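Q: Pasting a structure here, questions to come.
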Amino acid sequence: MSAGRAGASGDELLPAGAPSPADTPPVPDAVLDVPSEGLEQRPGDRKRVIIIGGGIAGLVAAFELKRQGHDPLVLEAQQRVGGRVYTCRDFAPGVYAEYGAMRIPRVHDLTLEYCDLFGLQLRPFVMSNPKTLVCIEGGRMTMEEAEREPERLPFELAAGELGRTYSELWDEATREVREQYQREGESALEAIIAEYDQYSIREFLEMRGFSEGAIELYGVMSFRESNMNAAVIEQLREIVGRAFEDMHEIVGGFDRLPNAFYEQLRDNIRFGANVHAIEQDESSVTVRVKTESGRFTETGDYAICAIPFPVLRDIEVQPRWSRGKQQAIRELNYNPSTKVLFQTRSRFWERTDGIGGGTTTTDLPIRRICYPSHPYPDEPRGTLLASYTWGMDALRWGAMDEETRFEEALEDVAKIHPEIVEEYEVGHTHSWYEDRWARGAFALFEPRQESRLQDDIVRPEGRVYFAGEHCSLWHAWIQGALESGIRAARDIHAAAPGTVAAASR
């Protein structure tokens, strides 16, 4: 989700299956063993499973069901797999950048297991770089200077906050939570959720005594200013889970992961298939599909809905789902995100500022500039993630036509890197809120949504199961999509013939 302080550096290539830190919330062994061993062997009939959506959750569910002899059919409305794992390859040959997922924490062991299974090579993703810049209210300094001399930042702080960095203030505010987790381990999460689920990030900081200036400092420097009304529990879970430490990227682009699943599922995927209705009875599920050439139906023993809830809301269902499921689909908050990508003639930021990876922080509309952690082999050109925004900032960019996005982003970047005027070649952009098949970048709980909605989010409805990052508590991460897809596949694999999931499960 956001940029963190701790990050990897260097350019060595790492094996995908290296161990995770021992003190992080683990994926259950039964789930973690699935990439290497598959689902548990069980006798039973071969099941036909209709999977709506060819993102990571749908792909892993289909892959694991197929490995156990079942007959999955993935219905994907677009002409590609991957969903919000989406690599932009419309630049010069060999040059690419990420519209969607772009980093994997070392603690996300399930994701790394699938990378290892498919032979995908990883390398460090640089999160923190002292040479990146902080440009606020027209000032300019390096991140190293901002960390060393935080008093130079133009925020009105209370006396006890002066001379302290935003990360020091945040660490103090969350010390109690981190210490509780260190004492009690994963069992502490339930108590932490019960205590803090009611608070937004802003409310949590106010409760911890932050002044308005310190809240502004934290919002700007952590890139969360437009999401301060999100549930603080989202952040607390990532803190105790060390979600921003030791990041890595897939060499060659993140679309290599969904494409690896696709190679195993070529005959099980139908593209251009827009599902508009789901009907079920006691023995089967029928899915009605629209295509450019007409309409068709597919019937199976079970179905998995592996699409975001804002998209699922437009699908007619018969019989109607439980009130709790309908409410969860209507209310679950999805966060907007917009990216603006530039191709440049050279990686001038390396030459002029010595920057290799990391993120520049601004109070400009672009919010942040992300630099590639590694150059392209034998290629002088580079790509900049010229603007990466969330929340209202992302909606603002999404409301522009593409030409205006590029013009305004160029104007902002030029205030920090004047060289961009001569170096810019071409731009590409993607607004996830405007994306018809996503309508949001990722699920992001508002206060109390986890306690009110989570059970209904994941609960099956008869013969229809649900998967996607929104069905996990690892929102916005590939890990969450994989975990949820495996869970749905396992439940269907384990179901006895004729079994219908109880609505109260």
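Scheme for the structure tokens: letters A, B, ... for chains in order shown; per-chain residue numbers from 1; ligand numbers from 1 in order shown.
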Using 6 Å as the limit and counting only C-alpha atoms, can you tabulate each residue of range 321-427 of chain A that touches range 437-459 of chain A, with its shortest atom-to-atom distance in Å and the two atoms involved, as a Markdown table?

A:
```
| residue | atom | partner | partner_atom | distance |
| --- | --- | --- | --- | --- |
| A:Gly324 | CA | A:Asp456 | CA | 5.5 |
| A:Lys325 | CA | A:Asp456 | CA | 5.2 |
| A:Ala328 | CA | A:Leu453 | CA | 5.6 |
| A:Asn333 | CA | A:Leu444 | CA | 5.6 |
| A:Tyr334 | CA | A:Ala443 | CA | 4.3 |
| A:Asn335 | CA | A:Gly440 | CA | 5.5 |
| A:Pro336 | CA | A:Gly440 | CA | 4.9 |
| A:Ser337 | CA | A:Ala441 | CA | 5.5 |
```

Q: Rank nothing, just name the residue among A:Val421, A:Ile50, A:Leu257, A:Val285 nearest to Val85 in chain A, using only C-alpha atoms.

A: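 Between A:Val421, A:Ile50, A:Leu257, A:Val285, the residue approaching Val85 in chain A most closely is A:Leu257.
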
Q: Please list as a PyMOL selection string every residue within 10 Å of Ser226 in chain A, counting only C-alpha atoms and excluding residues in the same chain fewer than 2 positions away.

A: chain A and resi 219-220+223-224+228-230+389-394

Q: Limited to C-alpha atoms, could you put the picked residues into a file as a short mmCIF file (atom, residue, chain, number, x, y, z; two decimals), in the first residue's frame?

A:
```cif
data_model
loop_
_atom_site.label_atom_id
_atom_site.label_comp_id
_atom_site.auth_asym_id
_atom_site.auth_seq_id
_atom_site.Cartn_x
_atom_site.Cartn_y
_atom_site.Cartn_z
CA GLY A 219 -0.04 12.43 6.47
CA VAL A 220 2.26 14.12 3.96
CA PHE A 223 1.52 9.45 1.72
CA ARG A 224 -1.63 8.79 3.76
CA MET A 228 -6.66 9.58 7.13
CA ASN A 229 -10.27 8.46 7.62
CA ALA A 230 -9.40 4.83 6.85
CA THR A 389 -1.79 8.76 -5.60
CA TRP A 390 -4.56 7.33 -3.41
CA GLY A 391 -7.95 8.50 -2.19
CA MET A 392 -9.19 11.93 -3.22
CA ASP A 393 -5.83 12.69 -4.84
CA ALA A 394 -6.32 9.68 -7.12
#
```

Q: So how many Å separate CA of Asp412 in chain A and CA of Arg84 in chain A, to one decimal?

A: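 Separating CA of Asp412 in chain A from CA of Arg84 in chain A is a distance of 26.5 Å.
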
Q: Show me, as a short mmCIF file (atom, residue, chain, number, x, y, z; two decimals) with N, CA and C atoms, in the first residue's frame, the residues that have an atom within 10 Å of Glu403 in chain A when counting only C-alpha atoms, minus same-chain residues fewer than 4 positions from it.

A:
```cif
data_model
loop_
_atom_site.label_atom_id
_atom_site.label_comp_id
_atom_site.auth_asym_id
_atom_site.auth_seq_id
_atom_site.Cartn_x
_atom_site.Cartn_y
_atom_site.Cartn_z
N GLU A 407 0.27 16.42 -18.94
CA GLU A 407 0.70 17.82 -18.89
C GLU A 407 0.90 18.27 -17.44
N GLU A 408 -0.08 17.95 -16.57
CA GLU A 408 0.03 18.41 -15.18
C GLU A 408 1.12 17.65 -14.43
N ALA A 409 1.27 16.36 -14.71
CA ALA A 409 2.33 15.61 -14.05
C ALA A 409 3.70 16.12 -14.49
N GLY A 427 4.23 8.91 -22.16
CA GLY A 427 3.62 8.59 -20.88
C GLY A 427 2.48 7.59 -21.03
N HIS A 428 2.22 6.88 -19.95
CA HIS A 428 1.06 5.98 -19.86
C HIS A 428 0.48 6.12 -18.47
N THR A 429 -0.80 5.88 -18.33
CA THR A 429 -1.46 6.12 -17.05
C THR A 429 -2.62 5.17 -16.86
#
```

Q: What is the CA of Pro28 in chain A-CA of Val81 in chain A distance in Å, reported with one decimal?

A: 27.0 Å

Q: Would you kindly return, as a ChimeraX atom specification, each protein, DNA or RNA residue with an atom no farther than 8 Å from any atom of Leu482 in chain A, considering only C-alpha atoms and excluding same-chain residues fewer than 4 positions away?

A: /A:56-57,60,110-111,468-469,478,486

Q: Write the residues of the selection above to a file with N, CA, C and O atoms, as a PDB file, in the first residue's frame.

A:
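Dumped everything to again_9.pdb:
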```
ATOM      1  N   ILE A  56      -5.456 -12.865  -9.677  1.00  0.00           N
ATOM      2  CA  ILE A  56      -4.625 -13.826  -8.948  1.00  0.00           C
ATOM      3  C   ILE A  56      -5.475 -14.807  -8.161  1.00  0.00           C
ATOM      4  O   ILE A  56      -5.217 -16.022  -8.152  1.00  0.00           O
ATOM      5  N   ALA A  57      -6.525 -14.345  -7.485  1.00  0.00           N
ATOM      6  CA  ALA A  57      -7.350 -15.249  -6.677  1.00  0.00           C
ATOM      7  C   ALA A  57      -8.037 -16.291  -7.539  1.00  0.00           C
ATOM      8  O   ALA A  57      -8.052 -17.482  -7.215  1.00  0.00           O
ATOM      9  N   VAL A  60      -5.311 -18.844  -8.969  1.00  0.00           N
ATOM     10  CA  VAL A  60      -4.770 -19.846  -8.042  1.00  0.00           C
ATOM     11  C   VAL A  60      -5.838 -20.864  -7.679  1.00  0.00           C
ATOM     12  O   VAL A  60      -5.543 -22.060  -7.527  1.00  0.00           O
ATOM     13  N   LEU A 110       3.663 -17.083   1.187  1.00  0.00           N
ATOM     14  CA  LEU A 110       2.836 -17.791   0.214  1.00  0.00           C
ATOM     15  C   LEU A 110       3.094 -17.266  -1.202  1.00  0.00           C
ATOM     16  O   LEU A 110       3.225 -18.045  -2.152  1.00  0.00           O
ATOM     17  N   THR A 111       3.188 -15.956  -1.334  1.00  0.00           N
ATOM     18  CA  THR A 111       3.506 -15.364  -2.635  1.00  0.00           C
ATOM     19  C   THR A 111       4.855 -15.849  -3.121  1.00  0.00           C
ATOM     20  O   THR A 111       5.031 -16.212  -4.304  1.00  0.00           O
ATOM     21  N   GLY A 468     -10.509 -13.173  -3.424  1.00  0.00           N
ATOM     22  CA  GLY A 468      -9.954 -11.883  -3.819  1.00  0.00           C
ATOM     23  C   GLY A 468      -9.288 -11.246  -2.613  1.00  0.00           C
ATOM     24  O   GLY A 468      -9.537 -11.632  -1.473  1.00  0.00           O
ATOM     25  N   GLU A 469      -8.444 -10.244  -2.854  1.00  0.00           N
ATOM     26  CA  GLU A 469      -7.735  -9.640  -1.716  1.00  0.00           C
ATOM     27  C   GLU A 469      -8.707  -9.093  -0.686  1.00  0.00           C
ATOM     28  O   GLU A 469      -8.397  -9.036   0.509  1.00  0.00           O
ATOM     29  N   ILE A 478      -0.837  -9.240  -3.058  1.00  0.00           N
ATOM     30  CA  ILE A 478      -0.978 -10.509  -3.773  1.00  0.00           C
ATOM     31  C   ILE A 478      -1.205 -11.643  -2.777  1.00  0.00           C
ATOM     32  O   ILE A 478      -1.972 -12.573  -3.038  1.00  0.00           O
ATOM     33  N   ILE A 486      -7.010 -19.987  -2.444  1.00  0.00           N
ATOM     34  CA  ILE A 486      -6.744 -21.336  -1.943  1.00  0.00           C
ATOM     35  C   ILE A 486      -7.848 -21.772  -0.990  1.00  0.00           C
ATOM     36  O   ILE A 486      -8.300 -22.922  -1.029  1.00  0.00           O
TER      37      ILE A 486
END
```

Q: Quick one: residues within 9 Å of Gly100 in chain A, only C-alpha atoms, excluding same-chain residues fewer than 5 positions away - as a PDB file with C-alpha atoms, in the first residue's frame?

A:
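Contents of part.pdb, freshly written:
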```pdb
ATOM      1  CA  GLY A  83      -6.519  -8.318 -12.634  1.00  0.00           C
ATOM      2  CA  ARG A  84      -4.743  -5.650 -10.609  1.00  0.00           C
ATOM      3  CA  VAL A  85      -1.401  -7.283 -11.285  1.00  0.00           C
ATOM      4  CA  TYR A  86      -0.887  -5.344 -14.492  1.00  0.00           C
ATOM      5  CA  THR A  87       2.470  -4.572 -16.115  1.00  0.00           C
ATOM      6  CA  PHE A 254       4.927  -8.708 -12.167  1.00  0.00           C
ATOM      7  CA  LYS A 339      -0.524   6.019 -11.525  1.00  0.00           C
ATOM      8  CA  HIS A 430      -4.071   4.039 -15.293  1.00  0.00           C
ATOM      9  CA  TRP A 432      -8.065   1.994 -10.976  1.00  0.00           C
ATOM     10  CA  ALA A 441      -7.376  -0.308  -6.345  1.00  0.00           C
TER      11      ALA A 441
END
```

Q: Leaving out Asn268 in chain A and any residue of its chain fewer than 3 positions from it, which residues lie within 9 Å of it when counting only C-alpha atoms, given as a VMD selection string?

A: chain A and resid 62 66 71 to 75 262 264 to 265

Q: Write a file of the just-selected residues containing C-alpha atoms, as a short mmCIF file (atom, residue, chain, number, x, y, z; two decimals), in the first residue's frame.

A:
```cif
data_model
loop_
_atom_site.label_atom_id
_atom_site.label_comp_id
_atom_site.auth_asym_id
_atom_site.auth_seq_id
_atom_site.Cartn_x
_atom_site.Cartn_y
_atom_site.Cartn_z
CA ALA A 62 -8.40 -22.79 -10.81
CA LYS A 66 -7.15 -28.56 -11.69
CA ASP A 71 -12.71 -29.10 -14.01
CA PRO A 72 -12.36 -25.33 -13.46
CA LEU A 73 -13.48 -22.76 -16.02
CA VAL A 74 -12.26 -19.18 -15.56
CA LEU A 75 -14.48 -16.51 -17.11
CA TYR A 262 -2.09 -18.98 -17.40
CA GLN A 264 -1.02 -24.11 -16.81
CA LEU A 265 -4.64 -23.09 -17.49
#
```

Q: Let's see if you can do this: from backbone DSSP, list all strand (DSSP E) residues in range 248-346 of chain A, as number ranges by chain.

A: A: 248-250, 269-270, 274-280, 285-291, 294-300, 302-305, 316-318, 334-335, 337-344

Q: As a ChimeraX atom specification, please: every residue in range 230-467 of chain A that a backbone DSSP assignment puts in helix (DSSP H, G or I).

A: /A:232-240,256-268,309-312,323-331,348-353,391-398,402-416,420-423,449-458

Q: For Glu176 in chain A, which residue out of A:Cys305, A:Met141, A:Ile239, A:Leu217 is the nearest one, using only C-alpha atoms?

A: A:Ile239

Q: Which residue, A:Glu144, A:Glu206, A:Glu425, A:Glu279, has the smallest gap to Phe342 in chain A when you use only C-alpha atoms?

A: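 Looking at the shortest contact to Phe342 in chain A, the residue is A:Glu425.
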
Q: In terms of the shortest atom-to-atom distance over only C-alpha atoms, which of A:Leu157, A:Ile315, A:Ile233, A:Leu341 is closest to Glu203 in chain A?

A: A:Ile233

Q: Rank A:Ser472, A:Ser322, A:Asn259, A:Gln343 by their smallest atom-to-atom distance to Arg80 in chain A, using only C-alpha atoms, and report the top residue only.

A: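 Under the stated criterion, the closest residue is A:Asn259.
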
Q: Find, counting only C-alpha atoms, the residue in A:Arg270, A:Arg396, A:Arg351, A:Arg178 that gets nearest to Gly241 in chain A.

A: A:Arg178

Q: So the first atom is CA of Glu316 in chain A and the second is CA of Glu298 in chain A; what is the distance between them in Å, to one decimal place?

A: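 Separating CA of Glu316 in chain A from CA of Glu298 in chain A is a distance of 15.1 Å.
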